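A.B. asks: File name entry37.pdb; file contents PDB, C-alpha atoms, pLDDT in the B column; full text below.
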ATOM      1  CA  MET A   1       6.182 -22.545  12.327  1.00 46.00           C
ATOM      2  CA  ALA A   2       7.632 -23.095  15.768  1.00 50.00           C
ATOM      3  CA  ASN A   3      10.106 -25.929  16.137  1.00 57.00           C
ATOM      4  CA  LYS A   4       8.318 -28.122  18.649  1.00 65.00           C
ATOM      5  CA  GLY A   5       8.852 -31.486  16.997  1.00 63.00           C
ATOM      6  CA  PRO A   6       6.200 -33.816  15.656  1.00 67.00           C
ATOM      7  CA  SER A   7       2.931 -34.377  17.455  1.00 68.00           C
ATOM      8  CA  TYR A   8       1.382 -37.790  17.930  1.00 71.00           C
ATOM      9  CA  GLY A   9      -2.002 -39.309  18.718  1.00 75.00           C
ATOM     10  CA  MET A  10      -4.781 -36.988  19.745  1.00 77.00           C
ATOM     11  CA  SER A  11      -2.586 -33.870  19.443  1.00 74.00           C
ATOM     12  CA  ARG A  12      -1.868 -34.670  15.816  1.00 74.00           C
ATOM     13  CA  GLN A  13      -5.557 -35.259  15.070  1.00 76.00           C
ATOM     14  CA  VAL A  14      -6.535 -31.956  16.658  1.00 74.00           C
ATOM     15  CA  GLN A  15      -3.814 -30.060  14.769  1.00 72.00           C
ATOM     16  CA  GLU A  16      -4.810 -31.709  11.469  1.00 72.00           C
ATOM     17  CA  LYS A  17      -8.428 -30.685  12.052  1.00 71.00           C
ATOM     18  CA  ILE A  18      -7.358 -27.090  12.733  1.00 71.00           C
ATOM     19  CA  ASP A  19      -5.085 -27.097   9.671  1.00 69.00           C
ATOM     20  CA  SER A  20      -7.893 -28.388   7.442  1.00 69.00           C
ATOM     21  CA  LYS A  21      -9.855 -25.157   8.045  1.00 70.00           C
ATOM     22  CA  TYR A  22      -7.163 -23.081   6.314  1.00 75.00           C
ATOM     23  CA  ASP A  23      -8.475 -21.786   2.971  1.00 73.00           C
ATOM     24  CA  PRO A  24      -5.891 -21.292   0.166  1.00 76.00           C
ATOM     25  CA  GLU A  25      -8.383 -19.304  -1.951  1.00 82.00           C
ATOM     26  CA  LEU A  26      -9.034 -16.915   0.929  1.00 80.00           C
ATOM     27  CA  GLU A  27      -5.268 -16.575   1.322  1.00 79.00           C
ATOM     28  CA  LEU A  28      -5.016 -15.244  -2.255  1.00 84.00           C
ATOM     29  CA  ILE A  29      -7.792 -12.717  -1.632  1.00 83.00           C
ATOM     30  CA  LEU A  30      -6.254 -11.552   1.663  1.00 83.00           C
ATOM     31  CA  VAL A  31      -2.773 -11.201   0.158  1.00 84.00           C
ATOM     32  CA  GLU A  32      -4.135  -9.179  -2.766  1.00 84.00           C
ATOM     33  CA  TRP A  33      -6.188  -6.948  -0.444  1.00 81.00           C
ATOM     34  CA  ILE A  34      -3.326  -6.329   1.993  1.00 82.00           C
ATOM     35  CA  SER A  35      -0.971  -5.531  -0.901  1.00 83.00           C
ATOM     36  CA  ARG A  36      -3.431  -3.012  -2.364  1.00 81.00           C
ATOM     37  CA  GLN A  37      -4.318  -1.562   1.024  1.00 79.00           C
ATOM     38  CA  CYS A  38      -0.736  -1.056   2.218  1.00 78.00           C
ATOM     39  CA  GLY A  39       1.008  -0.425  -1.093  1.00 77.00           C
ATOM     40  CA  SER A  40       3.904  -2.223  -2.738  1.00 75.00           C
ATOM     41  CA  GLY A  41       6.187  -1.688   0.270  1.00 75.00           C
ATOM     42  CA  VAL A  42       4.802  -4.754   2.062  1.00 74.00           C
ATOM     43  CA  GLY A  43       5.563  -7.096  -0.825  1.00 75.00           C
ATOM     44  CA  LYS A  44       3.860 -10.447  -1.299  1.00 77.00           C
ATOM     45  CA  PRO A  45       4.513 -13.777   0.418  1.00 76.00           C
ATOM     46  CA  GLU A  46       5.330 -17.148  -1.039  1.00 78.00           C
ATOM     47  CA  ALA A  47       2.227 -19.199  -1.766  1.00 79.00           C
ATOM     48  CA  GLY A  48       1.080 -21.511   1.006  1.00 78.00           C
ATOM     49  CA  LYS A  49       0.574 -21.451   4.738  1.00 79.00           C
ATOM     50  CA  THR A  50       4.215 -21.160   5.710  1.00 81.00           C
ATOM     51  CA  GLY A  51       4.786 -18.210   3.364  1.00 83.00           C
ATOM     52  CA  PHE A  52       1.619 -16.499   4.619  1.00 80.00           C
ATOM     53  CA  GLN A  53       2.689 -16.975   8.224  1.00 78.00           C
ATOM     54  CA  ALA A  54       6.261 -15.792   7.596  1.00 82.00           C
ATOM     55  CA  TRP A  55       4.916 -12.658   5.853  1.00 81.00           C
ATOM     56  CA  LEU A  56       2.689 -11.671   8.774  1.00 80.00           C
ATOM     57  CA  LYS A  57       4.741 -13.087  11.670  1.00 81.00           C
ATOM     58  CA  ASP A  58       6.753  -9.981  12.593  1.00 82.00           C
ATOM     59  CA  GLY A  59       3.577  -7.849  12.806  1.00 79.00           C
ATOM     60  CA  SER A  60       4.823  -4.998  10.595  1.00 81.00           C
ATOM     61  CA  VAL A  61       2.470  -5.851   7.710  1.00 82.00           C
ATOM     62  CA  LEU A  62      -0.453  -6.115  10.127  1.00 82.00           C
ATOM     63  CA  GLY A  63       0.470  -2.734  11.633  1.00 81.00           C
ATOM     64  CA  GLU A  64       0.567  -1.139   8.181  1.00 81.00           C
ATOM     65  CA  LEU A  65      -2.801  -2.714   7.362  1.00 82.00           C
ATOM     66  CA  ILE A  66      -4.636  -1.467  10.455  1.00 83.00           C
ATOM     67  CA  ASN A  67      -3.039   1.995  10.170  1.00 79.00           C
ATOM     68  CA  SER A  68      -4.273   2.284   6.578  1.00 80.00           C
ATOM     69  CA  LEU A  69      -7.869   1.814   7.748  1.00 80.00           C
ATOM     70  CA  PHE A  70      -7.761   4.706  10.229  1.00 79.00           C
ATOM     71  CA  PRO A  71      -8.001   8.057   8.422  1.00 76.00           C
ATOM     72  CA  ASP A  72      -6.585  10.237  11.197  1.00 79.00           C
ATOM     73  CA  ASN A  73      -5.053   8.797  14.364  1.00 80.00           C
ATOM     74  CA  LYS A  74      -2.861   5.806  13.552  1.00 75.00           C
ATOM     75  CA  PRO A  75      -3.237   3.216  16.359  1.00 72.00           C
ATOM     76  CA  VAL A  76       0.093   1.396  15.780  1.00 72.00           C
ATOM     77  CA  LYS A  77       2.909   3.908  16.239  1.00 72.00           C
ATOM     78  CA  LYS A  78       5.877   1.837  15.001  1.00 71.00           C
ATOM     79  CA  THR A  79       5.463  -0.631  12.170  1.00 69.00           C
ATOM     80  CA  GLN A  80       9.039  -1.772  11.624  1.00 71.00           C
ATOM     81  CA  GLY A  81      10.057  -5.396  11.346  1.00 71.00           C
ATOM     82  CA  SER A  82      12.184  -6.897  14.085  1.00 70.00           C
ATOM     83  CA  THR A  83      13.961 -10.198  14.583  1.00 73.00           C
ATOM     84  CA  MET A  84      13.327 -10.277  18.331  1.00 77.00           C
ATOM     85  CA  ALA A  85      10.426 -12.536  19.287  1.00 76.00           C
ATOM     86  CA  PHE A  86       8.945 -10.313  21.982  1.00 75.00           C
ATOM     87  CA  LYS A  87       8.929  -7.286  19.643  1.00 79.00           C
ATOM     88  CA  GLN A  88       7.152  -9.308  16.957  1.00 75.00           C
ATOM     89  CA  MET A  89       4.555 -10.553  19.452  1.00 82.00           C
ATOM     90  CA  GLU A  90       4.100  -7.019  20.768  1.00 83.00           C
ATOM     91  CA  GLN A  91       3.342  -5.716  17.261  1.00 85.00           C
ATOM     92  CA  ILE A  92       0.841  -8.530  16.686  1.00 84.00           C
ATOM     93  CA  SER A  93      -0.924  -7.712  19.951  1.00 85.00           C
ATOM     94  CA  GLN A  94      -0.973  -3.997  19.006  1.00 85.00           C
ATOM     95  CA  PHE A  95      -2.680  -4.985  15.756  1.00 85.00           C
ATOM     96  CA  LEU A  96      -5.253  -7.035  17.680  1.00 86.00           C
ATOM     97  CA  SER A  97      -5.990  -4.137  20.041  1.00 87.00           C
ATOM     98  CA  ALA A  98      -6.367  -1.733  17.128  1.00 85.00           C
ATOM     99  CA  ALA A  99      -8.606  -4.205  15.242  1.00 85.00           C
ATOM    100  CA  GLU A 100     -10.851  -4.439  18.294  1.00 87.00           C
ATOM    101  CA  LEU A 101     -10.924  -0.636  18.440  1.00 86.00           C
ATOM    102  CA  TYR A 102     -11.920  -0.641  14.750  1.00 82.00           C
ATOM    103  CA  GLY A 103     -14.867  -2.913  15.546  1.00 82.00           C
ATOM    104  CA  VAL A 104     -13.777  -6.536  15.091  1.00 84.00           C
ATOM    105  CA  THR A 105     -15.505  -8.647  17.750  1.00 85.00           C
ATOM    106  CA  LYS A 106     -13.518 -10.687  20.251  1.00 88.00           C
ATOM    107  CA  THR A 107     -14.981 -13.909  18.871  1.00 87.00           C
ATOM    108  CA  ASP A 108     -13.434 -13.133  15.463  1.00 84.00           C
ATOM    109  CA  MET A 109      -9.967 -12.449  16.908  1.00 87.00           C
ATOM    110  CA  PHE A 110      -7.014 -14.799  16.795  1.00 85.00           C
ATOM    111  CA  GLN A 111      -4.520 -15.190  19.613  1.00 86.00           C
ATOM    112  CA  THR A 112      -0.962 -13.922  19.159  1.00 81.00           C
ATOM    113  CA  VAL A 113       0.453 -17.472  19.283  1.00 80.00           C
ATOM    114  CA  ASP A 114      -1.978 -18.588  16.562  1.00 79.00           C
ATOM    115  CA  LEU A 115       0.041 -16.502  14.123  1.00 78.00           C
ATOM    116  CA  TRP A 116       3.479 -16.409  15.714  1.00 79.00           C
ATOM    117  CA  GLU A 117       3.751 -20.168  16.276  1.00 80.00           C
ATOM    118  CA  GLY A 118       1.516 -21.040  13.308  1.00 78.00           C
ATOM    119  CA  LYS A 119      -0.942 -22.949  15.500  1.00 79.00           C
ATOM    120  CA  ASP A 120      -4.156 -21.732  13.842  1.00 80.00           C
ATOM    121  CA  LEU A 121      -3.685 -19.759  10.643  1.00 83.00           C
ATOM    122  CA  ALA A 122      -7.380 -20.240   9.808  1.00 84.00           C
ATOM    123  CA  ALA A 123      -8.157 -18.019  12.817  1.00 84.00           C
ATOM    124  CA  VAL A 124      -5.792 -15.394  11.382  1.00 85.00           C
ATOM    125  CA  GLN A 125      -7.697 -15.577   8.087  1.00 82.00           C
ATOM    126  CA  ARG A 126     -10.984 -15.239   9.973  1.00 86.00           C
ATOM    127  CA  THR A 127      -9.776 -12.076  11.746  1.00 87.00           C
ATOM    128  CA  LEU A 128      -8.504 -10.494   8.534  1.00 86.00           C
ATOM    129  CA  SER A 129     -11.782 -11.351   6.762  1.00 85.00           C
ATOM    130  CA  ALA A 130     -13.781  -9.756   9.570  1.00 87.00           C
ATOM    131  CA  LEU A 131     -11.565  -6.671   9.322  1.00 85.00           C
ATOM    132  CA  GLY A 132     -12.123  -6.499   5.562  1.00 84.00           C
ATOM    133  CA  SER A 133     -15.880  -6.890   6.030  1.00 83.00           C
ATOM    134  CA  LEU A 134     -15.920  -4.020   8.511  1.00 84.00           C
ATOM    135  CA  ALA A 135     -13.880  -1.829   6.175  1.00 81.00           C
ATOM    136  CA  VAL A 136     -16.309  -2.503   3.305  1.00 82.00           C
ATOM    137  CA  THR A 137     -19.325  -1.914   5.555  1.00 79.00           C
ATOM    138  CA  LYS A 138     -18.076   1.348   7.073  1.00 78.00           C
ATOM    139  CA  ASP A 139     -17.381   2.782   3.608  1.00 74.00           C
ATOM    140  CA  GLU A 140     -15.215   5.618   4.960  1.00 75.00           C
ATOM    141  CA  GLY A 141     -13.085   5.797   1.836  1.00 71.00           C
ATOM    142  CA  THR A 142     -10.125   4.036   3.432  1.00 74.00           C
ATOM    143  CA  TYR A 143     -10.814   0.601   1.895  1.00 70.00           C
ATOM    144  CA  ASN A 144      -8.706  -0.137  -1.212  1.00 73.00           C
ATOM    145  CA  GLY A 145      -9.830  -3.283  -2.921  1.00 72.00           C
ATOM    146  CA  ASP A 146     -12.667  -5.058  -4.616  1.00 72.00           C
ATOM    147  CA  PRO A 147     -15.859  -4.659  -2.524  1.00 73.00           C
ATOM    148  CA  ASN A 148     -16.929  -8.149  -3.605  1.00 73.00           C
ATOM    149  CA  TRP A 149     -14.013  -9.779  -1.753  1.00 78.00           C
ATOM    150  CA  PHE A 150     -15.737  -9.393   1.609  1.00 74.00           C
ATOM    151  CA  PHE A 151     -19.384  -9.455   2.587  1.00 72.00           C
ATOM    152  CA  LYS A 152     -21.055  -6.415   4.084  1.00 73.00           C
ATOM    153  CA  LYS A 153     -22.077  -6.759   7.700  1.00 74.00           C
ATOM    154  CA  ALA A 154     -25.726  -6.235   8.580  1.00 69.00           C
ATOM    155  CA  GLN A 155     -26.631  -2.686   9.475  1.00 72.00           C
ATOM    156  CA  GLU A 156     -29.075  -1.613  12.150  1.00 74.00           C
ATOM    157  CA  ASN A 157     -32.546  -0.992  10.780  1.00 78.00           C
ATOM    158  CA  LYS A 158     -34.150   0.946  13.594  1.00 83.00           C
ATOM    159  CA  ARG A 159     -37.866   1.595  13.389  1.00 84.00           C
ATOM    160  CA  ASP A 160     -39.867   4.184  15.254  1.00 86.00           C
ATOM    161  CA  PHE A 161     -43.529   3.455  15.912  1.00 85.00           C
ATOM    162  CA  SER A 162     -46.000   6.028  17.142  1.00 88.00           C
ATOM    163  CA  ASP A 163     -47.937   5.455  20.375  1.00 88.00           C
ATOM    164  CA  ASP A 164     -51.127   4.812  18.375  1.00 88.00           C
ATOM    165  CA  GLN A 165     -49.410   2.080  16.361  1.00 85.00           C
ATOM    166  CA  LEU A 166     -48.073   0.442  19.521  1.00 83.00           C
ATOM    167  CA  LYS A 167     -51.527   0.521  21.174  1.00 85.00           C
ATOM    168  CA  ALA A 168     -53.154  -0.977  18.067  1.00 82.00           C
ATOM    169  CA  GLY A 169     -50.650  -3.817  18.102  1.00 78.00           C
ATOM    170  CA  LYS A 170     -51.617  -4.822  21.641  1.00 78.00           C
ATOM    171  CA  ASN A 171     -55.170  -5.686  20.535  1.00 75.00           C
ATOM    172  CA  VAL A 172     -54.134  -8.100  17.788  1.00 70.00           C
ATOM    173  CA  ILE A 173     -54.008 -11.771  18.687  1.00 67.00           C
ATOM    174  CA  GLY A 174     -51.675 -13.484  16.315  1.00 65.00           C
ATOM    175  CA  LEU A 175     -52.652 -16.802  14.773  1.00 60.00           C
ATOM    176  CA  GLN A 176     -49.376 -18.295  15.889  1.00 60.00           C
ATOM    177  CA  MET A 177     -50.687 -18.244  19.449  1.00 63.00           C
ATOM    178  CA  GLY A 178     -53.220 -20.933  18.582  1.00 62.00           C
ATOM    179  CA  SER A 179     -56.814 -21.256  19.617  1.00 61.00           C
ATOM    180  CA  ASN A 180     -58.514 -22.887  22.574  1.00 58.00           C
ATOM    181  CA  LYS A 181     -62.012 -23.006  21.043  1.00 63.00           C
ATOM    182  CA  GLY A 182     -63.629 -26.368  21.606  1.00 62.00           C
ATOM    183  CA  ALA A 183     -60.930 -27.563  23.966  1.00 61.00           C
ATOM    184  CA  SER A 184     -62.159 -29.713  26.822  1.00 65.00           C
ATOM    185  CA  GLN A 185     -61.169 -32.855  28.649  1.00 67.00           C
ATOM    186  CA  GLU A 186     -64.423 -34.602  27.950  1.00 70.00           C
ATOM    187  CA  GLY A 187     -63.949 -38.209  26.900  1.00 66.00           C
ATOM    188  CA  MET A 188     -60.303 -38.383  27.929  1.00 70.00           C
ATOM    189  CA  SER A 189     -59.203 -41.283  30.087  1.00 70.00           C
ATOM    190  CA  TYR A 190     -55.951 -41.777  31.876  1.00 72.00           C
ATOM    191  CA  GLY A 191     -56.180 -45.502  32.609  1.00 71.00           C
ATOM    192  CA  ARG A 192     -58.185 -47.207  35.292  1.00 74.00           C
ATOM    193  CA  PRO A 193     -59.361 -45.143  38.203  1.00 72.00           C
ATOM    194  CA  ARG A 194     -57.877 -45.911  41.589  1.00 75.00           C
ATOM    195  CA  GLN A 195     -59.737 -48.613  43.505  1.00 76.00           C
ATOM    196  CA  ILE A 196     -60.428 -47.761  47.124  1.00 80.00           C
ATOM    197  CA  LEU A 197     -61.406 -50.675  49.277  1.00 72.00           C
TER
END
Spell out the structure here as structure tokens.
C.D. replies:
Amino acid sequence: MANKGPSYGMSRQVQEKIDSKYDPELELILVEWISRQCGSGVGKPEAGKTGFQAWLKDGSVLGELINSLFPDNKPVKKTQGSTMAFKQMEQISQFLSAAELYGVTKTDMFQTVDLWEGKDLAAVQRTLSALGSLAVTKDEGTYNGDPNWFFKKAQENKRDFSDDQLKAGKNVIGLQMGSNKGASQEGMSYGRPRQIL
């Protein structure tokens, strides 16, 4: 994690709340999937948040992961580790761009500093889970792992109705619309009538 010193007060409470969302069980699943997906060359991290962050921080593992999901054109051209901060951040942002190209929504994406500075590793887990779910759902043969690790995303279930079916549906009054039979204002009073002198 970045060396920014301890946080106090409200900042500490906010950071503790963010840190509490980190899931150690999901970490094990993600590490196993990434290791299978990329091969033994990426290795495995030490257990825990700091090991997970250090493993992914330079962006080379993430680049290998996203490249393994594309069958033809590899979106990340260079996936080598670097000690320079700007190169590491550049590789992380290349991964994020490629993940968006693959289909991960912007709301599921983490920010580069979430990983690089270790601010929100739960967001990193969320992005990798969304990527795994997409890989399982697409079923292009590039996913290497247990299909039960990630849920399948909902698929479009488009229906085509004929014109006759659409016309018949316009004549049906659904019961959820209610009924106005017997409705009147007879016998209702709203207080005393106004007295005009």
A.B. asks: Can you measure atom CA of A:Asp23 to atom CA of A:Gly145 for me? One decimal in Å is fine.
C.D. replies: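 According to the coordinates, atom CA of A:Asp23 and atom CA of A:Gly145 are separated by 19.5 Å.
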A.B. asks: So, counting all atoms listed in the file, which residue among A:Phe52, A:Tyr8, A:Phe70, A:Phe150 is closest to A:Leu28?
C.D. replies: A:Phe52
A.B. asks: Check which residues satisfy the PyMOL selection byres ((chain A and resi 132-142) around 7) in the file shown, then give them as a list in words.
C.D. replies: Ser68, Leu69, Pro71, Leu128, Ser129, Ala130, Leu131, Tyr143, Asn144, Pro147, Phe150, Phe151, Lys152 and Lys153 of chain A
A.B. asks: Between atom CA of A:Ala122 and atom CA of A:Gly41, what is the spacing in Å?
C.D. replies: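 About the pair atom CA of A:Gly41 and atom CA of A:Ala122: they are 24.9 Å apart.
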A.B. asks: So, counting only C-alpha atoms, which residue among A:Val61, A:Met89, A:Ile66, A:Ile29 is closest to A:Asn148?
C.D. replies: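 Smallest distance to A:Asn148 is found for A:Ile29.
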A.B. asks: Within 8 Å of (4.4, -9.4, 12.7) (file coordinates; all atoms listed in the file), which protein or nucleic acid residues are there? I'd like them as a list in words.
C.D. replies: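 Answer for this query, in the requested form: Trp55, Leu56, Lys57, Asp58, Gly59, Ser60, Val61, Leu62, Gly63, Gly81, Gln88, Met89, Gln91, Ile92 and Trp116 of chain A.
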A.B. asks: Up to 12 Å from (-2.8, 3.8, 14.6) in the file's coordinates: name the residues, counting all atoms listed in the file, as a ChimeraX atom specification.
C.D. replies: /A:62-79,91,94-99,101-102
A.B. asks: Take atom CA of A:Glu90 and atom CA of A:Arg12 and report the distance between them in Å, one decimal.
C.D. replies: 28.7 Å
A.B. asks: Considering all atoms listed in the file, return as number ranges by chain whatever protein or nucleic-acid residues lie within 9 Å of A:Gly118, sequence-local ones (same chain, fewer than 2 positions apart) excluded.
C.D. replies: A: 1-2, 49-50, 53, 57, 113-116, 120-121
A.B. asks: Listed atoms of stretch 44-56 of chain A, axis-aligned box, 8 Å per side: centre and edge lengths to one decimal in Å, as lines of an AutoDock Vina configuration file?
C.D. replies:
center_x = 3.4
center_y = -16.0
center_z = 3.5
size_x = 21.7
size_y = 27.1
size_z = 26.5
A.B. asks: Could you check which of A:Gly51, A:Ser35, A:Asn157, A:Glu117 is closest to A:Ala85, using only C-alpha atoms?
C.D. replies: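 Using only C-alpha atoms, the shortest distance to A:Ala85 belongs to A:Glu117.
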A.B. asks: Evaluate the PyMOL selection byres ((chain A and resi 110) around 6) here and jot the selected residues down as a ChimeraX atom specification.
C.D. replies: /A:109,111,123-124
